[in-house]
file coords.txt (compact mmCIF, C-alpha atoms)
# COMPACT_ATOMS: atom_id res chain seq x y z
CA MET Y 557 -33.16 -55.69 -44.73
CA GLU Y 558 -34.74 -52.27 -44.18
CA SER Y 559 -34.53 -52.76 -40.40
CA TYR Y 560 -30.89 -53.78 -40.70
CA ALA Y 561 -30.08 -50.74 -42.85
CA ARG Y 562 -31.72 -48.41 -40.31
CA ALA Y 563 -29.79 -50.02 -37.47
CA GLU Y 564 -26.54 -49.73 -39.40
CA GLN Y 565 -27.25 -46.04 -40.11
CA THR Y 566 -28.01 -45.40 -36.44
CA LEU Y 567 -24.75 -47.11 -35.45
CA ARG Y 568 -22.76 -44.97 -37.91
CA GLU Y 569 -24.36 -41.80 -36.58
CA ARG Y 570 -23.53 -42.76 -32.98
CA HIS Y 571 -19.91 -43.45 -33.87
CA SER Y 572 -19.66 -40.18 -35.84
CA ALA Y 573 -21.11 -38.04 -33.05
CA GLY Y 574 -18.65 -35.40 -32.00
CA THR Y 575 -16.68 -35.62 -35.25
CA PHE Y 576 -16.49 -33.76 -38.56
CA ALA Y 577 -18.69 -36.46 -40.11
CA GLY Y 578 -21.33 -35.95 -37.43
CA LEU Y 579 -21.22 -32.22 -38.03
CA THR Y 580 -21.84 -32.64 -41.77
CA ARG Y 581 -24.87 -34.82 -41.05
CA ALA Y 582 -26.25 -32.25 -38.63
CA TYR Y 583 -25.70 -29.51 -41.18
CA THR Y 584 -27.37 -31.33 -44.07
CA LYS Y 585 -30.40 -32.06 -41.88
CA SER Y 586 -30.69 -28.48 -40.65
CA PRO Y 587 -33.47 -26.08 -41.73
CA GLU Y 588 -30.83 -23.71 -43.08
CA PHE Y 589 -29.59 -26.38 -45.48
CA GLN Y 590 -32.97 -27.84 -46.37
CA THR Y 591 -34.94 -24.61 -46.93
CA ARG Y 592 -32.47 -21.85 -47.73
CA LEU Y 593 -30.55 -23.63 -50.46
CA ALA Y 594 -31.90 -24.52 -53.88
CA ALA Y 595 -32.20 -28.23 -54.70
CA SER Y 596 -29.28 -28.09 -57.13
CA THR Y 597 -27.13 -26.32 -54.53
CA ARG Y 598 -27.99 -28.91 -51.87
CA LYS Y 599 -26.97 -31.66 -54.26
CA GLU Y 600 -23.60 -30.03 -55.02
CA TYR Y 601 -22.95 -29.22 -51.35
CA GLY Y 602 -23.65 -32.84 -50.48
CA ARG Y 603 -21.04 -34.02 -52.98
CA LYS Y 604 -18.40 -31.60 -51.74
CA LEU Y 605 -19.02 -32.47 -48.09
CA ALA Y 606 -18.84 -36.19 -48.90
CA ALA Y 607 -15.41 -35.61 -50.44
CA ALA Y 608 -14.30 -33.64 -47.38
CA GLU Y 609 -15.63 -36.36 -45.10
CA ILE Y 610 -13.30 -38.91 -46.68
CA GLU Y 611 -10.36 -36.80 -45.49
CA PHE Y 612 -11.69 -35.35 -42.22
CA GLY Y 613 -14.59 -37.62 -41.23
CA ASP Y 614 -13.10 -38.84 -37.95
CA MET Y 615 -11.64 -35.48 -36.91
CA PRO Y 616 -12.99 -34.54 -33.44
CA ILE Y 617 -15.08 -31.37 -33.30
CA ALA Y 618 -12.72 -30.12 -30.59
CA ALA Y 619 -9.93 -30.01 -33.20
CA LEU Y 620 -12.01 -27.61 -35.30
CA ASN Y 621 -11.69 -25.04 -32.51
CA ASN Y 622 -7.90 -25.02 -32.80
CA PRO Y 623 -6.62 -22.29 -35.16
CA ARG Y 624 -3.98 -24.68 -36.47
CA VAL Y 625 -6.73 -26.75 -38.13
CA ARG Y 626 -6.70 -24.21 -40.96
CA SER Y 627 -3.36 -25.55 -42.18
CA HIS Y 628 -4.84 -29.05 -42.54
CA PHE Y 629 -7.72 -27.77 -44.68
CA MET Y 630 -5.40 -25.63 -46.79
CA SER Y 631 -3.08 -28.61 -47.39
CA TRP Y 632 -6.10 -30.69 -48.43
CA ARG Y 633 -7.12 -27.98 -50.88
CA SER Y 634 -3.64 -28.06 -52.41
CA VAL Y 635 -3.98 -31.80 -53.04
CA VAL Y 636 -7.44 -31.35 -54.59
CA ALA Y 637 -6.10 -28.52 -56.78
CA ARG Y 638 -3.43 -30.84 -58.22
CA THR Y 639 -5.84 -33.69 -58.91
CA SER Y 640 -9.13 -31.93 -59.74
CA GLY Y 641 -8.23 -28.32 -60.59
CA LEU Y 642 -8.21 -24.96 -58.84
CA ARG Y 643 -11.91 -24.26 -59.20
CA GLU Y 644 -12.95 -27.58 -57.67
CA ALA Y 645 -10.47 -27.11 -54.82
CA ASP Y 646 -11.88 -23.67 -53.99
CA TYR Y 647 -15.45 -24.92 -54.21
CA ARG Y 648 -14.87 -27.80 -51.80
CA LEU Y 649 -13.21 -25.55 -49.24
CA ALA Y 650 -15.94 -22.92 -49.64
CA VAL Y 651 -18.61 -25.51 -48.82
CA VAL Y 652 -16.66 -26.64 -45.75
CA SER Y 653 -16.41 -22.99 -44.69
CA ALA Y 654 -20.17 -22.53 -45.15
CA MET Y 655 -20.81 -25.54 -42.94
CA LEU Y 656 -18.41 -24.27 -40.26
CA SER Y 657 -20.08 -20.85 -40.28
CA TRP Y 658 -23.40 -22.62 -39.69
CA ALA Y 659 -21.76 -24.62 -36.88
CA VAL Y 660 -20.55 -21.41 -35.21
CA GLU Y 661 -24.01 -19.84 -35.50
CA ASN Y 662 -25.61 -22.91 -33.90
CA GLY Y 663 -23.06 -23.36 -31.12
CA HIS Y 664 -21.33 -26.51 -32.37
CA VAL Y 665 -17.88 -24.92 -32.73
CA GLU Y 666 -16.34 -21.71 -31.43
CA SER Y 667 -14.86 -20.31 -34.64
CA ASN Y 668 -14.65 -20.91 -38.38
CA HIS Y 669 -10.90 -20.97 -38.95
CA VAL Y 670 -11.33 -21.49 -42.71
CA LYS Y 671 -13.33 -18.32 -43.25
CA GLY Y 672 -11.79 -15.69 -45.52
CA PHE Y 673 -9.38 -17.97 -47.38
CA LYS Y 674 -7.94 -16.56 -50.61
CA ARG Y 675 -9.16 -18.37 -53.68
CA LEU Y 676 -6.84 -19.99 -56.18
CA TYR Y 677 -9.22 -19.81 -59.13
CA HIS Y 678 -10.04 -16.49 -60.78
CA SER Y 679 -12.28 -16.12 -63.80
CA ASP Y 680 -12.87 -12.90 -65.71
CA ARG Y 681 -15.23 -13.38 -68.62
CA SER Y 682 -16.12 -9.70 -68.99
CA GLU Y 683 -14.57 -9.52 -72.45
CA ILE Y 684 -15.82 -12.92 -73.67
CA LEU Y 685 -18.81 -12.00 -75.78
CA TRP Y 686 -20.81 -13.61 -78.55
CA LEU Y 687 -19.89 -11.55 -81.61
CA PRO Y 688 -22.21 -11.34 -84.66
CA GLU Y 689 -20.05 -13.86 -86.53
CA HIS Y 690 -20.38 -16.33 -83.65
CA VAL Y 691 -24.15 -15.99 -83.63
CA GLU Y 692 -24.35 -16.38 -87.42
CA ALA Y 693 -22.20 -19.53 -87.36
CA PHE Y 694 -24.30 -21.04 -84.57
CA MET Y 695 -27.63 -20.25 -86.23
CA ALA Y 696 -26.42 -21.78 -89.50
CA ALA Y 697 -25.37 -25.09 -87.94
CA ALA Y 698 -27.48 -25.65 -84.81
CA PRO Y 699 -30.80 -27.52 -84.72
CA VAL Y 700 -33.86 -25.30 -84.42
CA GLU Y 701 -34.32 -26.15 -80.72
CA MET Y 702 -30.89 -24.72 -79.88
CA GLN Y 703 -31.44 -21.74 -82.17
CA ARG Y 704 -34.57 -20.89 -80.18
CA ALA Y 705 -32.60 -21.17 -76.93
CA LEU Y 706 -29.98 -18.72 -78.23
CA ILE Y 707 -32.62 -16.20 -79.32
CA LEU Y 708 -34.36 -16.41 -75.95
CA ALA Y 709 -31.07 -15.90 -74.09
CA LEU Y 710 -29.85 -13.06 -76.29
CA HIS Y 711 -33.15 -11.17 -76.17
CA THR Y 712 -33.90 -11.60 -72.46
CA GLY Y 713 -30.58 -12.09 -70.62
CA LEU Y 714 -32.16 -15.02 -68.75
CA ARG Y 715 -30.17 -17.90 -67.33
CA GLN Y 716 -30.36 -21.33 -68.94
CA GLY Y 717 -32.39 -22.80 -66.09
CA ASP Y 718 -35.05 -20.10 -66.40
CA ILE Y 719 -35.19 -20.47 -70.18
CA ARG Y 720 -35.73 -24.22 -69.95
CA LYS Y 721 -38.63 -23.70 -67.52
CA LEU Y 722 -40.41 -21.00 -69.55
CA CYS Y 723 -44.03 -21.96 -70.23
CA TRP Y 724 -46.49 -20.59 -72.75
CA SER Y 725 -48.49 -19.35 -69.79
CA ASN Y 726 -45.55 -16.99 -69.10
CA TYR Y 727 -46.06 -15.31 -72.49
CA ASP Y 728 -48.91 -12.81 -72.90
CA GLY Y 729 -48.15 -11.77 -76.46
CA ALA Y 730 -45.95 -8.85 -75.46
CA HIS Y 731 -44.09 -9.84 -72.28
CA LEU Y 732 -42.54 -12.85 -70.61
CA ASN Y 733 -43.81 -12.91 -67.03
CA LEU Y 734 -41.95 -15.27 -64.71
CA ARG Y 735 -40.28 -15.77 -61.37
CA ILE Y 736 -36.50 -15.92 -61.58
CA GLY Y 737 -35.38 -19.30 -60.23
CA LYS Y 738 -32.14 -18.17 -58.62
CA ASN Y 739 -34.09 -15.86 -56.26
CA GLN Y 740 -36.14 -18.70 -54.79
CA ARG Y 741 -34.51 -19.07 -51.39
CA ALA Y 742 -35.64 -19.94 -47.88
CA GLY Y 743 -38.87 -21.45 -49.24
CA ARG Y 744 -39.97 -18.13 -50.74
CA GLN Y 745 -40.68 -17.53 -54.40
CA GLY Y 746 -38.74 -14.90 -56.27
CA PRO Y 747 -40.50 -11.70 -57.35
CA MET Y 748 -42.55 -11.70 -60.53
CA VAL Y 749 -40.50 -10.36 -63.45
CA SER Y 750 -41.98 -8.93 -66.65
CA ILE Y 751 -39.60 -8.78 -69.62
CA PRO Y 752 -40.87 -6.97 -72.75
CA CYS Y 753 -40.33 -9.05 -75.87
CA THR Y 754 -38.41 -7.61 -78.81
CA LYS Y 755 -39.91 -7.80 -82.30
CA SER Y 756 -37.55 -10.62 -83.19
CA LEU Y 757 -38.43 -12.63 -80.10
CA ARG Y 758 -42.17 -12.11 -80.62
CA ALA Y 759 -41.85 -13.24 -84.25
CA MET Y 760 -40.16 -16.45 -83.14
CA LEU Y 761 -42.69 -17.17 -80.40
CA GLU Y 762 -45.69 -16.45 -82.61
CA GLY Y 763 -44.32 -18.80 -85.26
CA MET Y 764 -43.93 -21.76 -82.91
CA SER Y 765 -46.46 -24.52 -82.31
CA ARG Y 766 -47.76 -24.91 -78.77
CA GLY Y 767 -47.95 -28.67 -78.38
CA SER Y 768 -46.31 -28.60 -74.95
CA ALA Y 769 -46.73 -26.54 -71.80
CA VAL Y 770 -43.11 -25.37 -71.99
CA ILE Y 771 -41.80 -23.14 -74.78
CA LEU Y 772 -38.47 -24.85 -75.35
CA THR Y 773 -38.80 -28.57 -76.10
CA THR Y 774 -36.84 -31.44 -77.60
CA LYS Y 775 -37.65 -32.83 -81.06
CA GLU Y 776 -40.04 -35.20 -79.29
CA GLY Y 777 -41.86 -32.29 -77.67
CA ARG Y 778 -40.56 -32.94 -74.14
CA PRO Y 779 -39.03 -30.43 -71.71
CA PHE Y 780 -35.23 -30.31 -71.68
CA THR Y 781 -33.36 -31.68 -68.69
CA ALA Y 782 -30.22 -29.75 -67.75
CA ARG Y 783 -27.95 -32.63 -68.79
CA TYR Y 784 -29.64 -33.28 -72.14
CA PHE Y 785 -29.70 -29.57 -72.95
CA GLY Y 786 -25.99 -29.36 -72.17
CA ARG Y 787 -25.20 -32.23 -74.54
CA GLN Y 788 -27.30 -30.74 -77.34
CA TRP Y 789 -25.67 -27.33 -76.86
CA GLU Y 790 -22.18 -28.82 -76.98
CA ASP Y 791 -23.04 -30.72 -80.17
CA ALA Y 792 -24.36 -27.51 -81.76
CA MET Y 793 -21.22 -25.59 -80.75
CA ARG Y 794 -19.09 -28.32 -82.30
CA ALA Y 795 -21.12 -28.28 -85.52
CA ALA Y 796 -20.73 -24.49 -85.72
CA GLY Y 797 -16.97 -24.71 -85.23
CA LEU Y 798 -17.09 -22.69 -82.00
CA THR Y 799 -15.54 -25.17 -79.58
CA ASN Y 800 -12.27 -23.22 -79.59
CA ALA Y 801 -13.92 -19.82 -79.07
CA SER Y 802 -14.11 -20.20 -75.24
CA LEU Y 803 -17.80 -19.31 -75.39
CA HIS Y 804 -20.32 -20.61 -72.87
CA PHE Y 805 -24.11 -20.40 -72.86
CA HIS Y 806 -23.89 -18.10 -69.84
CA ASP Y 807 -21.85 -15.63 -71.93
CA LEU Y 808 -25.06 -14.84 -73.82
CA ARG Y 809 -26.24 -13.14 -70.62
CA GLY Y 810 -23.18 -10.90 -70.60
CA THR Y 811 -23.62 -10.28 -74.32
CA ALA Y 812 -27.24 -9.23 -73.76
CA VAL Y 813 -26.14 -6.80 -71.04
CA THR Y 814 -23.48 -5.32 -73.33
CA MET Y 815 -25.96 -4.95 -76.20
CA LEU Y 816 -28.40 -3.13 -73.91
CA ALA Y 817 -25.64 -0.77 -72.79
CA GLU Y 818 -24.56 -0.16 -76.38
CA ALA Y 819 -28.17 0.70 -77.22
CA GLY Y 820 -27.96 3.48 -74.65
CA CYS Y 821 -29.78 1.81 -71.75
CA SER Y 822 -29.00 3.07 -68.27
CA VAL Y 823 -27.93 0.87 -65.37
CA PRO Y 824 -31.46 0.88 -63.83
CA GLN Y 825 -32.96 -0.03 -67.21
CA ILE Y 826 -30.55 -2.94 -67.66
CA ALA Y 827 -31.14 -4.12 -64.09
CA SER Y 828 -34.90 -4.09 -64.71
CA ILE Y 829 -34.37 -6.76 -67.36
CA THR Y 830 -31.60 -8.82 -65.77
CA GLN Y 831 -33.37 -8.46 -62.39
CA HIS Y 832 -30.34 -7.61 -60.31
CA SER Y 833 -30.97 -5.16 -57.49
CA LEU Y 834 -29.90 -1.58 -58.13
CA ALA Y 835 -27.43 -1.90 -55.26
CA THR Y 836 -25.54 -4.65 -57.10
CA ALA Y 837 -26.25 -3.68 -60.71
CA THR Y 838 -23.05 -1.66 -61.10
CA ARG Y 839 -20.89 -4.47 -59.69
CA ILE Y 840 -22.59 -6.98 -62.00
CA LEU Y 841 -22.04 -4.75 -65.01
CA GLU Y 842 -18.35 -4.46 -64.15
CA THR Y 843 -18.19 -8.22 -64.71
CA TYR Y 844 -20.50 -8.55 -67.70
CA LEU Y 845 -19.99 -5.29 -69.56
CA ALA Y 846 -17.06 -5.36 -71.96
CA PRO Y 847 -15.44 -2.01 -72.87
CA THR Y 848 -16.37 -2.20 -76.54
CA ARG Y 849 -15.41 0.31 -79.24
CA HIS Y 850 -19.08 1.13 -79.86
CA LEU Y 851 -19.51 2.25 -76.25
CA ALA Y 852 -16.50 4.55 -76.56
CA THR Y 853 -17.80 6.00 -79.85
CA GLN Y 854 -21.21 6.53 -78.29
CA ALA Y 855 -19.67 8.29 -75.30
CA ILE Y 856 -17.72 10.71 -77.51
CA ALA Y 857 -20.84 11.45 -79.58
CA GLN Y 858 -22.71 12.35 -76.41
CA PHE Y 859 -19.76 14.47 -75.30
CA GLU Y 860 -19.81 16.42 -78.58
CA ASN Y 861 -23.58 16.95 -78.53
CA ALA Y 862 -23.95 17.96 -74.88
CA ALA Y 863 -24.47 21.64 -74.13
CA ALA Y 864 -22.37 21.33 -70.98
CA THR Y 865 -19.30 20.40 -73.01
CA GLU Y 866 -19.79 22.87 -75.88
CA PHE Y 867 -16.88 25.02 -74.63
CA ALA Y 868 -14.52 22.04 -74.81
CA ASN Y 869 -15.54 21.22 -78.37
CA ARG Y 870 -14.63 24.78 -79.49
CA LEU Y 871 -11.07 24.58 -78.19
CA GLN Y 872 -8.31 24.93 -80.80
CA THR Y 873 -4.59 25.47 -80.53
CA ARG Y 874 -3.37 29.03 -80.85
CA ALA Y 875 -0.23 30.10 -82.71
call {"tool": "encode", "arguments": {"input": "coords.txt", "output": "structure tokens"}}
result
Amino acid sequence: MESYARAEQTLRERHSAGTFAGLTRAYTKSPEFQTRLAASTRKEYGRKLAAAEIEFGDMPIAALNNPRVRSHFMSWRSVVARTSGLREADYRLAVVSAMLSWAVENGHVESNHVKGFKRLYHSDRSEILWLPEHVEAFMAAAPVEMQRALILALHTGLRQGDIRKLCWSNYDGAHLNLRIGKNQRAGRQGPMVSIPCTKSLRAMLEGMSRGSAVILTTKEGRPFTARYFGRQWEDAMRAAGLTNASLHFHDLRGTAVTMLAEAGCSVPQIASITQHSLATATRILETYLAPTRHLATQAIAQFENAAATEFANRLQTRA
């Protein structure tokens, strides 16, 4: 049976040579795909390419060199948008475009005619923040495991994946020292990050038992999988009555950034915690940082107290 399966696979590959399907197989076997993409990204790319292969699998590679092929991909995206939503449609086409860019770089096709397409889906969550009343409602209804996850996210700005992987060996009593998972690309580890713990975070960590290697565990003391964590988080949100608040776990990261800014932290200081490069910190803050009333009040207070603006503060109308 194994020999038959191998022969069948070889036959499929021979028949798909010189087609879109053959190109996807070459791409997914390439070093760029295997080493430069995270495991979760490879899995998602594989799913999107499989969906595209159903529609374009037997398309000759020569057709990909014709500029008119763009209209076929755009029409396909329109169908996907109607059946699976705008975001999914954009994602599928983006993965196809990534593969075609690889194909151009490696001499399989002459041009990526999908590159630069305008996206249908736009998401702006800059003003979607966890307010104090949201946090209070969650803490009152959620199980202790989810409460701990919220505190870790709110006091560090870390992503869910990094929080789930945090080990006690990452905690030295004052800092959380870890490598940020999203920076692990091309087989290289991300830089070591050291996040100072707030008093509240230290109090929580010091009060926890250490029966497992990881900090955040299930009731049974096991590490959370992404799927199980997601289910537990959704249940906690439902119990807290927050399902209609349009809040996601990732919004805690934006909330943490906003809280740091409201506390008077500079862009470099915030970036040192969130671990974005200084070159992109401002662009990231434009997405995460909501223009809150406290920030405006703080800005006016600084304006009134600055020596450079003393002349402006003395201005009065004259009769």
call {"tool": "residues_around", "arguments": {"input": "coords.txt", "residues": "Y:Glu762", "least_positions_apart": "6", "cutoff": "12 Å", "atoms": "only C-alpha atoms", "output": "list in words"}}
result
Trp724, Tyr727, Asp728, Gly729, Ala730, Cys753, Lys755, Ser756 and Ile771 of chain Y
call {"tool": "atom_distance", "arguments": {"input": "coords.txt", "atom1": "atom CA of Y:Thr830", "atom2": "atom CA of Y:Gln716"}}
result
13.0 Å
call {"tool": "residues_near_point", "arguments": {"input": "coords.txt", "point": "(-30.1, -22.1, -82.4)", "cutoff": "10 Å", "atoms": "all atoms listed in the file", "output": "list of chain:residue names"}}
result
Y:Val691, Y:Glu692, Y:Ala693, Y:Phe694, Y:Met695, Y:Ala696, Y:Ala697, Y:Ala698, Y:Pro699, Y:Val700, Y:Glu701, Y:Met702, Y:Gln703, Y:Arg704, Y:Ala705, Y:Leu706, Y:Ile707, Y:Leu708, Y:Trp789, Y:Ala792, Y:Met793
call {"tool": "atom_distance", "arguments": {"input": "coords.txt", "atom1": "atom CA of Y:Glu611", "atom2": "atom CA of Y:Glu558"}}
result
28.9 Å
call {"tool": "atom_distance", "arguments": {"input": "coords.txt", "atom1": "atom CA of Y:Ala857", "atom2": "atom CA of Y:Val823"}}
result
19.1 Å
call {"tool": "residues_around", "arguments": {"input": "coords.txt", "residues": "stretch 613-616 of chain Y", "least_positions_apart": "6", "cutoff": "8 Å", "atoms": "only C-alpha atoms", "output": "number ranges by chain"}}
result
Y: 572, 574-578
call {"tool": "closest_residue", "arguments": {"input": "coords.txt", "among": "Y:Arg720, Y:Ser768, Y:Phe859, Y:Ile826", "to": "Y:Thr814", "atoms": "only C-alpha atoms"}}
result
Y:Ile826
call {"tool": "closest_residue", "arguments": {"input": "coords.txt", "among": "Y:Phe673, Y:Tyr784, Y:Phe805, Y:Trp686", "to": "Y:Ala654", "atoms": "all atoms listed in the file"}}
result
Y:Phe673
call {"tool": "residues_around", "arguments": {"input": "coords.txt", "residues": "Y:Met655", "least_positions_apart": "3", "cutoff": "8 Å", "atoms": "all atoms listed in the file", "output": "ChimeraX atom specification"}}
result
/Y:580,583,651-652,658-659
call {"tool": "residues_around", "arguments": {"input": "coords.txt", "residues": "Y:Leu642", "least_positions_apart": "2", "cutoff": "12 Å", "atoms": "only C-alpha atoms", "output": "number ranges by chain"}}
result
Y: 633-640, 644-649, 674-679
call {"tool": "write_last_selection", "arguments": {"input": "coords.txt", "atoms": "C-alpha atoms", "output": "tab-separated table (two decimals), in the frame of the given file"}}
result
chain	number	residue	atom	x	y	z
Y	633	ARG	CA	-7.12	-27.98	-50.88
Y	634	SER	CA	-3.64	-28.06	-52.41
Y	635	VAL	CA	-3.98	-31.80	-53.04
Y	636	VAL	CA	-7.44	-31.35	-54.59
Y	637	ALA	CA	-6.10	-28.52	-56.78
Y	638	ARG	CA	-3.43	-30.84	-58.22
Y	639	THR	CA	-5.84	-33.69	-58.91
Y	640	SER	CA	-9.13	-31.93	-59.74
Y	644	GLU	CA	-12.95	-27.58	-57.67
Y	645	ALA	CA	-10.47	-27.11	-54.82
Y	646	ASP	CA	-11.88	-23.67	-53.99
Y	647	TYR	CA	-15.45	-24.92	-54.21
Y	648	ARG	CA	-14.87	-27.80	-51.80
Y	649	LEU	CA	-13.21	-25.55	-49.24
Y	674	LYS	CA	-7.94	-16.56	-50.61
Y	675	ARG	CA	-9.16	-18.37	-53.68
Y	676	LEU	CA	-6.84	-19.99	-56.18
Y	677	TYR	CA	-9.22	-19.81	-59.13
Y	678	HIS	CA	-10.04	-16.49	-60.78
Y	679	SER	CA	-12.28	-16.12	-63.80
call {"tool": "closest_residue", "arguments": {"input": "coords.txt", "among": "Y:Ser631, Y:Asn621, Y:Ala573, Y:Phe785", "to": "Y:Gly663", "atoms": "all atoms listed in the file"}}
result
Y:Asn621
call {"tool": "residues_around", "arguments": {"input": "coords.txt", "residues": "Y:Arg626", "least_positions_apart": "3", "cutoff": "12 Å", "atoms": "all atoms listed in the file", "output": "PyMOL selection string"}}
result
chain Y and resi 619-623+629-633+649+652-653+656+667-673
call {"tool": "closest_residue", "arguments": {"input": "coords.txt", "among": "Y:Met748, Y:Ala561, Y:Ala801, Y:Ala769", "to": "Y:Leu687", "atoms": "all atoms listed in the file"}}
result
Y:Ala801
call {"tool": "residues_near_point", "arguments": {"input": "coords.txt", "point": "(-26.0, -14.9, -75.4)", "cutoff": "6 Å", "atoms": "only C-alpha atoms", "output": "MDAnalysis selection string"}}
result
chainID Y and resid 709:710 807:809 811
call {"tool": "closest_residue", "arguments": {"input": "coords.txt", "among": "Y:His628, Y:Arg758, Y:Arg766, Y:Arg715", "to": "Y:His731", "atoms": "only C-alpha atoms"}}
result
Y:Arg758
